[in-house]
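Structure file input14.txt (compact mmCIF, C-alpha atoms) is printed below.
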# COMPACT_ATOMS: atom_id res chain seq x y z
CA ARG A 1 23.84 37.83 2.48
CA PRO A 2 25.53 39.37 -0.59
CA LYS A 3 23.02 40.06 -3.32
CA GLY A 4 23.14 37.49 -6.10
CA GLU A 5 25.13 34.97 -4.07
CA VAL A 6 24.92 31.41 -5.39
CA VAL A 7 25.71 28.50 -3.05
CA VAL A 8 26.10 24.92 -4.24
CA ILE A 9 25.73 21.96 -1.85
CA SER A 10 27.46 18.62 -2.53
CA THR A 11 27.15 15.36 -0.59
CA SER A 12 29.14 12.14 -0.55
CA GLY A 13 29.01 8.48 0.33
CA ASP A 14 31.64 9.11 3.01
CA GLY A 15 29.20 11.20 5.07
CA SER A 16 30.70 14.56 4.13
CA MET A 17 28.80 17.59 2.86
CA ARG A 18 30.31 20.79 1.51
CA SER A 19 29.14 24.16 0.26
CA TRP A 20 30.73 26.02 -2.64
CA ASP A 21 30.57 29.47 -4.17
CA GLY A 22 28.55 28.81 -7.31
CA LYS A 23 30.27 31.64 -9.19
CA THR A 24 33.91 31.07 -8.31
CA GLY A 25 33.99 27.38 -7.36
CA LYS A 26 35.64 28.21 -4.03
CA LYS A 27 34.83 25.88 -1.12
CA LEU A 28 32.92 27.68 1.62
CA ASN A 29 32.10 25.26 4.45
CA ASN A 30 32.36 21.65 5.62
CA PHE A 31 29.29 20.23 7.36
CA LYS A 32 30.59 17.62 9.81
CA GLY A 33 28.35 15.19 11.68
CA HIS A 34 26.99 12.42 9.47
CA THR A 35 28.69 9.04 9.88
CA ASP A 36 27.50 7.37 6.66
CA LYS A 37 26.44 8.32 3.13
CA ILE A 38 24.15 11.34 2.74
CA LEU A 39 21.19 10.59 0.47
CA THR A 40 19.10 13.76 0.55
CA VAL A 41 19.31 17.49 1.26
CA PHE A 42 16.68 20.23 1.45
CA ILE A 43 17.15 24.00 1.81
CA MET A 44 14.79 25.87 4.14
CA ASN A 45 14.16 29.61 3.98
CA PRO A 46 16.46 30.00 0.95
CA LEU A 47 15.73 33.71 0.44
CA GLY A 48 15.77 34.68 4.10
CA GLU A 49 18.51 36.00 6.33
CA THR A 50 19.25 32.57 7.84
CA PRO A 51 18.85 29.85 5.19
CA LEU A 52 19.07 26.35 6.66
CA VAL A 53 20.02 23.00 5.17
CA LEU A 54 18.44 19.67 6.13
CA SER A 55 20.42 16.52 5.36
CA ALA A 56 19.79 12.81 5.97
CA GLY A 57 20.96 9.41 4.86
CA SER A 58 22.22 6.00 5.87
CA ASP A 59 23.03 6.93 9.48
CA LYS A 60 19.24 7.25 10.09
CA ARG A 61 19.46 10.84 11.29
CA ILE A 62 18.21 14.17 10.00
CA ARG A 63 20.53 17.08 10.68
CA VAL A 64 19.88 20.82 10.39
CA TRP A 65 22.68 23.23 9.49
CA GLU A 66 23.09 26.96 8.99
CA LEU A 67 23.87 27.24 5.29
CA LEU A 68 26.20 30.22 5.36
CA THR A 69 28.35 29.16 8.33
CA GLY A 70 28.11 25.36 8.37
CA ALA A 71 27.05 25.40 12.03
CA HIS A 72 25.10 22.34 13.20
CA ILE A 73 21.75 23.40 14.70
CA ARG A 74 19.82 20.27 15.67
CA MET A 75 19.16 16.62 14.90
CA PHE A 76 16.10 14.37 14.52
CA GLU A 77 16.35 10.67 15.43
CA GLY A 78 13.88 7.80 15.25
CA HIS A 79 14.00 6.08 11.87
CA ASP A 80 15.06 2.42 11.89
CA ASP A 81 16.75 2.46 8.48
CA GLU A 82 18.28 4.88 5.98
CA ILE A 83 16.42 8.08 5.12
CA ASN A 84 15.90 8.65 1.41
CA SER A 85 14.09 11.99 1.32
CA VAL A 86 13.46 14.98 3.56
CA VAL A 87 11.40 18.14 3.00
CA ALA A 88 10.10 20.91 5.25
CA GLY A 89 7.54 23.69 5.26
CA SER A 90 5.70 26.24 7.42
CA PHE A 91 1.92 26.27 7.42
CA SER A 92 -0.73 28.54 8.94
CA GLY A 93 -3.75 27.11 10.71
CA ILE A 94 -2.09 23.97 12.05
CA ALA A 95 -0.75 25.29 15.35
CA SER A 96 -2.35 22.27 17.06
CA LEU A 97 0.51 20.20 15.64
CA VAL A 98 3.05 21.97 17.84
CA PRO A 99 3.48 19.85 21.00
CA ILE A 100 2.68 21.43 24.35
CA GLY A 101 5.08 21.21 27.25
CA ILE A 102 8.08 20.04 25.25
CA PRO A 103 11.05 22.38 25.70
CA GLU A 104 12.45 23.96 22.58
CA ASN A 105 15.99 23.25 21.45
CA SER A 106 18.30 25.52 23.42
CA ASN A 107 20.09 26.60 20.25
CA ASN A 108 17.24 28.63 18.76
CA GLN A 109 18.97 31.85 17.77
CA LEU A 110 18.36 31.08 14.10
CA ASP A 111 14.62 30.52 14.46
CA PRO A 112 13.65 34.16 13.69
CA GLY A 113 13.96 33.14 10.02
CA ILE A 114 10.96 30.87 10.56
CA ASP A 115 7.53 32.53 10.89
CA PRO A 116 6.38 31.98 14.51
CA ALA A 117 2.72 32.27 13.42
CA LYS A 118 3.07 29.05 11.47
CA ALA A 119 3.79 25.47 12.43
CA THR A 120 7.07 24.39 10.83
CA VAL A 121 7.37 20.68 10.12
CA VAL A 122 9.97 18.31 8.69
CA VAL A 123 8.78 15.28 6.69
CA SER A 124 11.06 12.31 6.01
CA ALA A 125 10.80 9.06 4.04
CA SER A 126 12.75 5.94 4.89
CA LYS A 127 13.68 2.42 3.93
CA ASP A 128 11.99 1.40 7.22
CA LEU A 129 8.63 1.71 5.30
CA THR A 130 7.53 4.85 7.15
CA VAL A 131 6.96 8.53 6.51
CA ARG A 132 7.54 10.63 9.61
CA VAL A 133 6.48 14.18 10.48
CA TRP A 134 8.50 16.18 13.01
CA ASP A 135 8.03 19.51 14.75
CA PHE A 136 10.99 21.58 13.57
CA ARG A 137 11.56 23.60 16.74
CA SER A 138 11.35 20.85 19.33
CA GLY A 139 12.38 17.84 17.26
CA HIS A 140 9.30 16.02 18.59
CA LEU A 141 7.83 13.29 16.36
CA LEU A 142 4.28 14.32 15.46
CA PHE A 143 3.18 11.46 13.20
CA GLU A 144 4.49 8.13 11.99
CA LEU A 145 2.64 7.43 8.72
CA LEU A 146 2.21 3.69 8.17
CA GLY A 147 0.87 1.99 5.06
CA HIS A 148 3.66 1.50 2.56
CA LYS A 149 4.73 -2.13 2.17
CA ALA A 150 8.27 -1.46 0.99
CA CYS A 151 10.99 1.21 0.99
CA VAL A 152 9.66 4.79 0.77
CA TYR A 153 11.83 6.70 -1.69
CA GLU A 154 10.58 10.27 -1.76
CA VAL A 155 8.14 12.75 -0.22
CA GLY A 156 6.75 16.15 -1.17
CA ILE A 157 4.29 18.64 0.35
CA ILE A 158 1.62 20.45 -1.65
CA ARG A 159 -1.48 22.44 -0.71
CA ALA A 160 -5.02 21.37 -1.59
CA ARG A 161 -7.01 23.62 -3.92
CA GLU A 162 -10.76 24.24 -3.93
CA ALA A 163 -12.54 20.95 -4.49
CA PRO A 164 -13.98 20.44 -8.00
CA ALA A 165 -17.69 21.03 -8.56
CA GLY A 166 -19.77 18.05 -7.56
CA VAL A 167 -17.62 17.00 -4.63
CA SER A 168 -19.62 16.77 -1.40
CA PRO A 169 -18.62 19.47 1.11
CA SER A 170 -18.22 16.77 3.75
CA ALA A 171 -15.68 14.98 1.55
CA ALA A 172 -13.77 18.09 0.45
CA LEU A 173 -10.55 19.18 2.11
CA PRO A 174 -10.37 22.89 2.99
CA ALA A 175 -8.35 24.83 0.43
CA GLY A 176 -4.80 25.26 1.62
CA THR A 177 -4.66 22.00 3.56
CA PRO A 178 -1.09 20.68 3.31
CA ILE A 179 -0.91 17.27 1.64
CA ILE A 180 2.05 14.91 1.94
CA VAL A 181 2.73 12.85 -1.18
CA SER A 182 4.96 9.76 -0.88
CA CYS A 183 6.17 7.12 -3.33
CA SER A 184 7.48 3.64 -2.70
CA GLU A 185 9.02 0.45 -3.98
CA ASP A 186 5.57 -1.08 -3.38
CA ALA A 187 4.46 0.65 -6.65
CA THR A 188 2.08 3.06 -4.89
CA VAL A 189 1.84 6.80 -4.43
CA LYS A 190 0.06 7.79 -1.22
CA LEU A 191 -1.54 11.10 -0.22
CA TRP A 192 -1.73 11.99 3.47
CA ASN A 193 -3.37 14.84 5.37
CA LEU A 194 -0.49 16.59 7.13
CA VAL A 195 -2.83 18.14 9.71
CA THR A 196 -4.30 14.83 10.91
CA GLY A 197 -1.65 12.33 9.85
CA LYS A 198 -4.35 10.25 8.14
CA LEU A 199 -4.06 8.51 4.78
CA ILE A 200 -6.33 10.18 2.23
CA LYS A 201 -5.76 7.96 -0.77
CA SER A 202 -3.40 5.35 -2.18
CA VAL A 203 -3.01 5.15 -5.96
CA LYS A 204 -1.17 2.79 -8.24
CA TRP A 205 -0.13 4.85 -11.22
CA HIS A 206 2.91 2.70 -12.01
CA SER A 207 3.14 -1.05 -12.48
CA VAL A 208 6.40 -1.37 -10.54
CA SER A 209 8.55 0.54 -8.04
CA VAL A 210 8.03 4.34 -7.97
CA ARG A 211 11.48 5.81 -7.44
CA GLY A 212 10.85 9.56 -7.54
CA LEU A 213 8.24 12.29 -7.33
CA ASP A 214 7.92 16.05 -7.32
CA VAL A 215 5.08 18.47 -6.66
CA ALA A 216 4.50 21.91 -8.12
CA SER A 217 2.00 24.71 -8.49
CA VAL A 218 1.69 25.55 -12.19
CA VAL A 219 0.16 28.81 -13.47
CA LEU A 220 -2.29 28.12 -16.26
CA GLN A 221 -2.77 29.66 -19.71
CA ALA A 222 0.35 31.83 -19.66
CA SER A 223 -1.20 33.83 -16.82
CA ASN A 224 0.85 35.78 -14.29
CA ASP A 225 -1.94 35.42 -11.72
CA PRO A 226 -0.90 32.85 -9.06
CA SER A 227 -4.57 32.20 -8.29
CA ASN A 228 -5.00 30.85 -11.82
CA SER A 229 -2.94 27.75 -11.12
CA THR A 230 -3.20 24.03 -10.63
CA ALA A 231 -1.29 21.65 -8.38
CA LEU A 232 0.56 18.82 -10.12
CA ILE A 233 2.23 15.63 -8.93
CA ALA A 234 4.97 14.12 -11.12
CA SER A 235 6.18 10.57 -10.54
CA CYS A 236 8.65 8.23 -12.22
CA GLY A 237 9.21 4.52 -11.89
CA TRP A 238 10.96 1.39 -13.08
CA ASP A 239 8.23 1.04 -15.71
CA LYS A 240 10.19 3.71 -17.62
CA THR A 241 7.41 6.32 -17.48
CA ILE A 242 7.10 9.80 -16.04
CA GLN A 243 3.51 10.63 -15.09
CA PHE A 244 1.84 13.95 -14.31
CA HIS A 245 -1.36 14.01 -12.27
CA GLU A 246 -3.51 16.95 -11.20
CA LEU A 247 -3.91 17.00 -7.41
CA GLY A 248 -7.67 17.56 -7.40
CA GLU A 249 -8.24 14.64 -9.76
CA SER A 250 -5.93 12.51 -7.64
CA LEU A 251 -7.82 13.34 -4.45
CA TYR A 252 -11.41 13.10 -5.62
CA SER A 253 -11.68 11.23 -8.90
CA LYS A 254 -12.15 7.48 -9.26
CA GLY A 255 -10.53 7.70 -12.67
CA ASN A 256 -6.91 8.19 -13.65
CA SER A 257 -6.48 11.57 -15.35
CA MET A 258 -2.83 11.91 -16.32
CA CYS A 259 -0.17 12.74 -18.85
CA VAL A 260 2.47 10.05 -19.46
CA ILE A 261 5.96 10.49 -20.94
CA MET A 262 7.65 7.27 -22.00

Here is the file; what I need is its structure written in the form of structure tokens.
Amino acid sequence: RPKGEVVVISTSGDGSMRSWDGKTGKKLNNFKGHTDKILTVFIMNPLGETPLVLSAGSDKRIRVWELLTGAHIRMFEGHDDEINSVVAGSFSGIASLVPIGIPENSNNQLDPGIDPAKATVVVSASKDLTVRVWDFRSGHLLFELLGHKACVYEVGIIRAREAPAGVSPSAALPAGTPIIVSCSEDATVKLWNLVTGKLIKSVKWHSVSVRGLDVASVVLQASNDPSNSTALIASCGWDKTIQFHELGESLYSKGNSMCVIM
């Protein structure tokens, strides 16, 4: 890839997706395959040799593309309604998630960009009330996360930190455990253990529909040391607020430690 290259992805209600040179505005590729509006995209391995794009929407399918060529790599099917959000990540220590005896997709020449020592998963959220977790290489459905009572709008993945002092070791998640965070029209935000597929906690930070969320690791006190950081969840809803919650407090506290922007 040329150093300093900037690629812009655009999607449309007609099912088309295009990439553009972010510096010149020149169209690069058409991504052809979706048959209805595209609602979400996610870029995997953005700094690697083979960056990939995940896209999903009203045709109920998740598609994987090679960013720089537009080539279609694979597809995930199973949702019963439109897909609103898709994310992906690779995690060490969860190799048990990778299904045994399921043949890999035959078109795997791009997989060297994904660390084989880690399990790579795709997580999607849908209007069918479910969050689903897929094995990236095989396309096999690992978990169907049930619990939301209405449309699931967005998902994110964040890693657990060391549990706060006072938390029983039996109740504490190991540091580094990947946590799925989902938000829904049912006014809840739910936290799930990606390794087990089990619901950890459901919280009601907003009084009405929660339409968006994001997760981030934030370095504290103007430090350049990544270990001196905290994990934050941001959510926004029809109650006209944006809320920020610390992951540890969200997992273990009975209270509601937060910052609210109105």

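Rounded to one decimal, atom CA of Leu251 of chain A and atom CA of Phe143 of chain A lie 20.9 Å from each other.
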
Separation of atom CA of Gly33 of chain A from atom CA of Arg132 of chain A, in Å and rounded to one decimal = 21.4 Å

Which value, in Å to one decimal, gives the distance between atom CA of Ser207 of chain A and atom CA of Trp192 of chain A?
-> 21.2 Å

Report as a Markdown table: every residue of segment 180-209 of chain A with an atom at most 12 Å from segment 236-243 of chain A, its closest pair of atoms, and their distance in Å to one decimal, counting only C-alpha atoms, with rows sorted by chain and ascending residue number.
| residue | atom | partner | partner_atom | distance |
| --- | --- | --- | --- | --- |
| A:Cys183 | CA | A:Cys236 | CA | 9.3 |
| A:Ser184 | CA | A:Gly237 | CA | 9.4 |
| A:Glu185 | CA | A:Gly237 | CA | 8.9 |
| A:Asp186 | CA | A:Gly237 | CA | 10.8 |
| A:Ala187 | CA | A:Gly237 | CA | 8.1 |
| A:Thr188 | CA | A:Gly237 | CA | 10.1 |
| A:Val189 | CA | A:Cys236 | CA | 10.4 |
| A:Lys204 | CA | A:Gly237 | CA | 11.1 |
| A:Trp205 | CA | A:Gln243 | CA | 7.9 |
| A:His206 | CA | A:Gly237 | CA | 6.6 |
| A:Ser207 | CA | A:Asp239 | CA | 6.4 |
| A:Val208 | CA | A:Trp238 | CA | 5.9 |
| A:Ser209 | CA | A:Gly237 | CA | 5.6 |

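Using all atoms listed in the file, the protein and nucleic acid residues lying no more than 10 Å from Ile200 of chain A, apart from those fewer than 4 places from it along its own chain, are A:Leu173, A:Ile179, A:Ile180, A:Lys190, A:Leu191, A:Trp192, A:Asn193, A:Leu194, A:Leu251, A:Tyr252.
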
Report as a Markdown table: every residue of segment 137-244 of chain A with an atom at most 10 Å from segment 119-128 of chain A, its closest pair of atoms, and their distance in Å to one decimal, counting all atoms listed in the file, with rows sorted by chain and ascending residue number.
| residue | atom | partner | partner_atom | distance |
| --- | --- | --- | --- | --- |
| A:Arg137 | CA | A:Thr120 | CA | 7.5 |
| A:Gly139 | CA | A:Val122 | CA | 8.9 |
| A:His140 | CA | A:Val121 | CA | 9.9 |
| A:Leu141 | CA | A:Val122 | CA | 9.4 |
| A:Leu142 | CA | A:Val121 | CA | 8.9 |
| A:Phe143 | CA | A:Val123 | CA | 9.4 |
| A:Glu144 | CA | A:Ser124 | CA | 9.8 |
| A:Leu145 | CA | A:Ala125 | CA | 9.5 |
| A:His148 | CA | A:Asp128 | CA | 9.5 |
| A:Lys149 | CA | A:Asp128 | CA | 9.5 |
| A:Ala150 | CA | A:Lys127 | CA | 7.3 |
| A:Cys151 | CA | A:Lys127 | CA | 4.2 |
| A:Val152 | CA | A:Ser126 | CA | 5.3 |
| A:Tyr153 | CA | A:Ala125 | CA | 6.3 |
| A:Glu154 | CA | A:Ala125 | CA | 5.9 |
| A:Val155 | CA | A:Ala125 | CA | 6.2 |
| A:Gly156 | CA | A:Val123 | CA | 8.2 |
| A:Ile157 | CA | A:Val123 | CA | 8.5 |
| A:Ile180 | CA | A:Val123 | CA | 8.2 |
| A:Ser182 | CA | A:Ala125 | CA | 7.7 |
| A:Cys183 | CA | A:Ala125 | CA | 8.9 |
| A:Ser184 | CA | A:Lys127 | CA | 9.2 |
| A:Glu185 | CA | A:Lys127 | CA | 9.4 |
| A:Leu194 | CA | A:Val121 | CA | 9.4 |
